[in-house]
Amino acid sequence: MQSELFYKYPKTILNKGTGFLSGYTHSLNPYVGCAYGCSFCYVREMPVSTFRDEEWGAWVDVKKGAADLLQKELARAKKKDGVTIFMSSSTDPYQPAEHKECITRSLLEVMVEDPPDFLLVQTRSPMVRRDIDLFLQLENNVRVSMTIETDREEIRKHFTPGAPAIRGRLKTLQLLKEAGVPSQATIAPLLPSSRSFPDLLREYVDRVCIDDYFMGDGSGGRRTENLGIREKYEELGLEKWYEPVTYQKLMRRFQRVFSDDQIYVSREGFMP
Ligand code: SF4
């Protein structure tokens with residue numbers, strides 16, 4: 001989907017880490033809205049989206065002046081205490097617009113100059129590979145978490161047709177690994193996948209995080225249910241993948257290939 005861009009000049013850029021992200025002091029969103037428009041994205045039901053006329057995925061606000069704000073707010077926060085940052089909680093920091101706007105890169109440049117104690121970069125986009133040079137300067141204080149919900153491209157297209165293809169995400173994990181950037185594959189929300197999915201990921205990462213709607217949507221799955229996601233499983237006859245116990249079955253598949261200390265579940269996989 002082609003998203004319409006809006007240029008905004010926010011007054012602040014760092015938000016307090018709360019709820020699912022209470023293990024972080026701050027969250028950082030370079031954009032508002034998200035061009036990927038995933039069907040299961042519950043941010044569409046949050047105030048940032050519900051007051052907009054256009055549907056979720058059709059608009060993106062670009063936060064101009066974000067780097068200057070971060071420079072000031074980060075310095076101030078570091079004077080008070082340790083700073084751990086989750087980027088991003090309600091958008092993907094690698095929007096298609098990031099190619100041209102470079103807001104996320106400008107934020108990373110600030111963090112290279114004045115590093116937080118820890119930064120987690122959460123994305124579905126292969127564009128994250130562009131910033132490997134900056135991640136390397138953050139050394140072990142950064143982790144790139146690449147979402148790969150499934151290895152089956154037709155499943156990915158059914159649930160997230162606007163998001164980048166799986167192959168590019170895997171290639172990016174390979175490049176991150178070769179460069180020595182700490183990274184993980186995040187199977188979140190877990191979607192129907194092949195039996196060989198764990199073997200495929202094992203080539204690229206030594207750390208995975210598994211999450212589902214029931215643990216990860218902040219409401220025991222109710223938010224996702226309200227989005228009508230069950231129907232998307234029914235359309236494929238794959239309702240058995242839409243159950244609270246499914247993650248345990250997937251875990252067992254992963255345990256055949258990964259050791260227990262390489263498998264994280266839900267919130268613990270996103271923590272600093
Ligand atoms: S990439 Fe993330 S923020 Fe964007 S629509 Fe998908 S789930 Fe929502």
# chains A, B, ... in the order shown; residues from 1 in each chain; ligands from 1
$ residues_near_ligand --ligand "ligand 1" --cutoff "10 Å" --atoms "only C-alpha atoms and all ligand atoms" --output "mmCIF file with C-alpha atoms, in the first residue's frame"
data_model
loop_
_atom_site.group_PDB
_atom_site.id
_atom_site.type_symbol
_atom_site.label_atom_id
_atom_site.label_comp_id
_atom_site.auth_asym_id
_atom_site.auth_seq_id
_atom_site.Cartn_x
_atom_site.Cartn_y
_atom_site.Cartn_z
ATOM 1 C CA TYR A 31 7.332 7.677 12.859
ATOM 2 C CA VAL A 32 3.653 7.535 13.754
ATOM 3 C CA GLY A 33 1.602 5.074 11.732
ATOM 4 C CA CYS A 34 3.014 2.229 9.684
ATOM 5 C CA ALA A 35 2.959 1.596 5.948
ATOM 6 C CA TYR A 36 3.113 -2.177 6.465
ATOM 7 C CA GLY A 37 -0.458 -2.221 7.779
ATOM 8 C CA CYS A 38 -0.347 -5.778 9.158
ATOM 9 C CA SER A 39 -3.844 -7.246 9.610
ATOM 10 C CA PHE A 40 -3.121 -8.236 13.212
ATOM 11 C CA CYS A 41 -1.601 -4.901 14.270
ATOM 12 C CA TYR A 42 -3.523 -3.682 17.292
ATOM 13 C CA VAL A 43 -1.901 -0.219 17.146
ATOM 14 C CA ARG A 44 -4.699 0.543 14.652
ATOM 15 C CA TRP A 56 -4.204 2.011 9.309
ATOM 16 C CA GLY A 57 -1.385 1.582 6.791
ATOM 17 C CA SER A 88 9.885 0.962 18.152
ATOM 18 C CA SER A 89 6.708 0.152 20.038
ATOM 19 C CA SER A 90 3.982 1.508 17.753
ATOM 20 C CA THR A 91 5.579 1.745 14.323
ATOM 21 C CA ASP A 92 8.348 0.025 12.404
ATOM 22 C CA PRO A 93 11.484 2.213 12.480
ATOM 23 C CA TYR A 94 12.287 1.117 8.923
ATOM 24 C CA GLN A 95 9.306 2.500 7.059
ATOM 25 C CA GLN A 122 12.504 -4.108 16.392
ATOM 26 C CA THR A 123 11.705 -4.344 12.683
ATOM 27 C CA ARG A 124 10.259 -6.361 9.814
ATOM 28 C CA SER A 125 12.323 -4.589 7.207
ATOM 29 C CA THR A 147 10.387 -10.302 13.005
ATOM 30 C CA PHE A 159 -1.746 -11.850 6.965
ATOM 31 C CA THR A 160 0.714 -9.065 6.121
ATOM 32 C CA GLY A 162 2.161 -4.940 2.853
ATOM 33 C CA ALA A 163 5.202 -6.118 4.811
ATOM 34 C CA PRO A 164 8.560 -7.098 3.309
ATOM 35 C CA ALA A 188 5.737 -12.723 16.607
ATOM 36 C CA PRO A 189 2.916 -13.168 16.252
#
$ residues_around --residues "Thr25 (chain A)" --least-positions-apart "3" --cutoff "12 Å" --atoms "only C-alpha atoms" --output "VMD selection string"
chain A and resid 14 to 22 28 74 77 to 78 80 to 87 116 to 120 271 to 272
$ select_by_dssp --residues "region 212-263 of chain A" --states "alpha helix (DSSP H)" --output "MDAnalysis selection string"
chainID A and resid 213:216 222:226 229:236 246:255
$ residues_around --residues "region 241-251 of chain A" --least-positions-apart "5" --cutoff "12 Å" --atoms "only C-alpha atoms" --output "PDB file with C-alpha atoms, in the first residue's frame"
ATOM      1  CA  GLU A 149       6.399 -14.733  11.748  1.00  0.00           C
ATOM      2  CA  THR A 150       6.563 -17.713   9.402  1.00  0.00           C
ATOM      3  CA  ILE A 155       0.965 -17.232   4.794  1.00  0.00           C
ATOM      4  CA  ILE A 187       8.422 -15.177  15.614  1.00  0.00           C
ATOM      5  CA  ALA A 188       5.737 -12.723  16.607  1.00  0.00           C
ATOM      6  CA  PRO A 189       2.916 -13.168  16.252  1.00  0.00           C
ATOM      7  CA  LEU A 190       3.607 -16.777  15.401  1.00  0.00           C
ATOM      8  CA  LEU A 191       1.819 -17.658  12.153  1.00  0.00           C
ATOM      9  CA  PRO A 192       1.366 -21.120  10.605  1.00  0.00           C
ATOM     10  CA  SER A 193       4.798 -22.348   9.556  1.00  0.00           C
ATOM     11  CA  SER A 194       6.561 -25.431   8.178  1.00  0.00           C
ATOM     12  CA  ARG A 195       8.067 -28.165  10.319  1.00  0.00           C
ATOM     13  CA  SER A 196      11.465 -27.140   8.991  1.00  0.00           C
ATOM     14  CA  PHE A 197      11.095 -23.496  10.091  1.00  0.00           C
ATOM     15  CA  PRO A 198      13.397 -23.948  13.137  1.00  0.00           C
ATOM     16  CA  VAL A 208      14.793 -16.735  18.887  1.00  0.00           C
ATOM     17  CA  CYS A 209      11.796 -15.162  20.583  1.00  0.00           C
ATOM     18  CA  ILE A 210       8.344 -16.724  20.211  1.00  0.00           C
ATOM     19  CA  ASP A 211       5.249 -14.678  20.935  1.00  0.00           C
ATOM     20  CA  ASP A 212       1.546 -14.947  20.143  1.00  0.00           C
ATOM     21  CA  TYR A 213      -1.577 -12.807  20.401  1.00  0.00           C
ATOM     22  CA  PHE A 214      -2.621 -14.300  23.705  1.00  0.00           C
ATOM     23  CA  MET A 215       0.626 -13.413  25.503  1.00  0.00           C
ATOM     24  CA  GLY A 216       1.716 -10.437  23.470  1.00  0.00           C
ATOM     25  CA  GLY A 220      -4.919 -11.888  26.634  1.00  0.00           C
ATOM     26  CA  GLY A 221      -5.827 -11.984  22.924  1.00  0.00           C
ATOM     27  CA  ARG A 222      -9.008  -9.887  23.146  1.00  0.00           C
ATOM     28  CA  THR A 224      -6.672  -9.367  18.314  1.00  0.00           C
ATOM     29  CA  GLU A 225     -10.016 -11.165  18.474  1.00  0.00           C
ATOM     30  CA  GLY A 228     -11.452 -10.247  13.366  1.00  0.00           C
ATOM     31  CA  ILE A 229      -8.204 -12.146  12.935  1.00  0.00           C
ATOM     32  CA  ARG A 230      -9.882 -15.491  13.639  1.00  0.00           C
ATOM     33  CA  GLU A 231     -11.593 -15.209  10.242  1.00  0.00           C
ATOM     34  CA  LYS A 232      -8.252 -14.952   8.502  1.00  0.00           C
ATOM     35  CA  TYR A 233      -7.307 -18.339   9.972  1.00  0.00           C
ATOM     36  CA  GLU A 234     -10.698 -19.783   9.076  1.00  0.00           C
ATOM     37  CA  LEU A 236      -7.255 -20.961   5.317  1.00  0.00           C
ATOM     38  CA  ARG A 256      14.602 -29.928  18.620  1.00  0.00           C
ATOM     39  CA  VAL A 257      16.986 -27.456  16.994  1.00  0.00           C
ATOM     40  CA  PHE A 258      17.722 -24.717  19.548  1.00  0.00           C
ATOM     41  CA  SER A 259      18.806 -25.165  23.171  1.00  0.00           C
ATOM     42  CA  ASP A 260      16.484 -23.906  25.919  1.00  0.00           C
ATOM     43  CA  GLN A 262      18.385 -19.816  23.004  1.00  0.00           C
ATOM     44  CA  ILE A 263      14.569 -19.773  23.058  1.00  0.00           C
ATOM     45  CA  TYR A 264      12.777 -16.841  24.669  1.00  0.00           C
ATOM     46  CA  VAL A 265       9.036 -16.584  25.130  1.00  0.00           C
ATOM     47  CA  SER A 266       7.019 -13.396  24.727  1.00  0.00           C
TER      48      SER A 266
END
$ closest_residue --among "A:Leu136, A:Leu175, A:Leu69, A:Val128" --to "Thr12 (chain A)" --atoms "only C-alpha atoms"
A:Leu69
$ atom_distance --atom1 "CA of Asp133 (chain A)" --atom2 "CA of Arg167 (chain A)"
22.1 Å
$ residues_around --residues "Val112 (chain A)" --least-positions-apart "5" --cutoff "8 Å" --atoms "only C-alpha atoms" --output "list in words"
Leu134, Gln137 and Leu138 of chain A
$ residues_around --residues "Ala165 (chain A)" --least-positions-apart "4" --cutoff "8 Å" --atoms "only C-alpha atoms" --output "PDB file with N, CA and C atoms, in the first residue's frame"
ATOM      1  N   GLU A 153       5.773 -18.032   2.639  1.00  0.00           N
ATOM      2  CA  GLU A 153       5.512 -16.728   2.025  1.00  0.00           C
ATOM      3  C   GLU A 153       4.013 -16.522   1.730  1.00  0.00           C
ATOM      4  N   ARG A 156       2.508 -15.399   4.917  1.00  0.00           N
ATOM      5  CA  ARG A 156       2.899 -14.001   5.161  1.00  0.00           C
ATOM      6  C   ARG A 156       2.035 -13.062   4.320  1.00  0.00           C
ATOM      7  N   ARG A 169      14.255 -10.668   4.690  1.00  0.00           N
ATOM      8  CA  ARG A 169      14.496 -10.596   6.139  1.00  0.00           C
ATOM      9  C   ARG A 169      15.570 -11.615   6.546  1.00  0.00           C
TER      10      ARG A 169
END
$ select_by_dssp --residues "region 158-222 of chain A" --states "strand (DSSP E)" --output "count of residues only"
8
$ closest_residue --among "A:Val144, A:Leu70, A:Leu201, A:Pro161" --to "Pro115 (chain A)" --atoms "only C-alpha atoms"
A:Leu70
$ closest_residue --among "A:Val121, A:Val205, A:Val181, A:Ala67" --to "Ser27 (chain A)" --atoms "only C-alpha atoms"
A:Val121
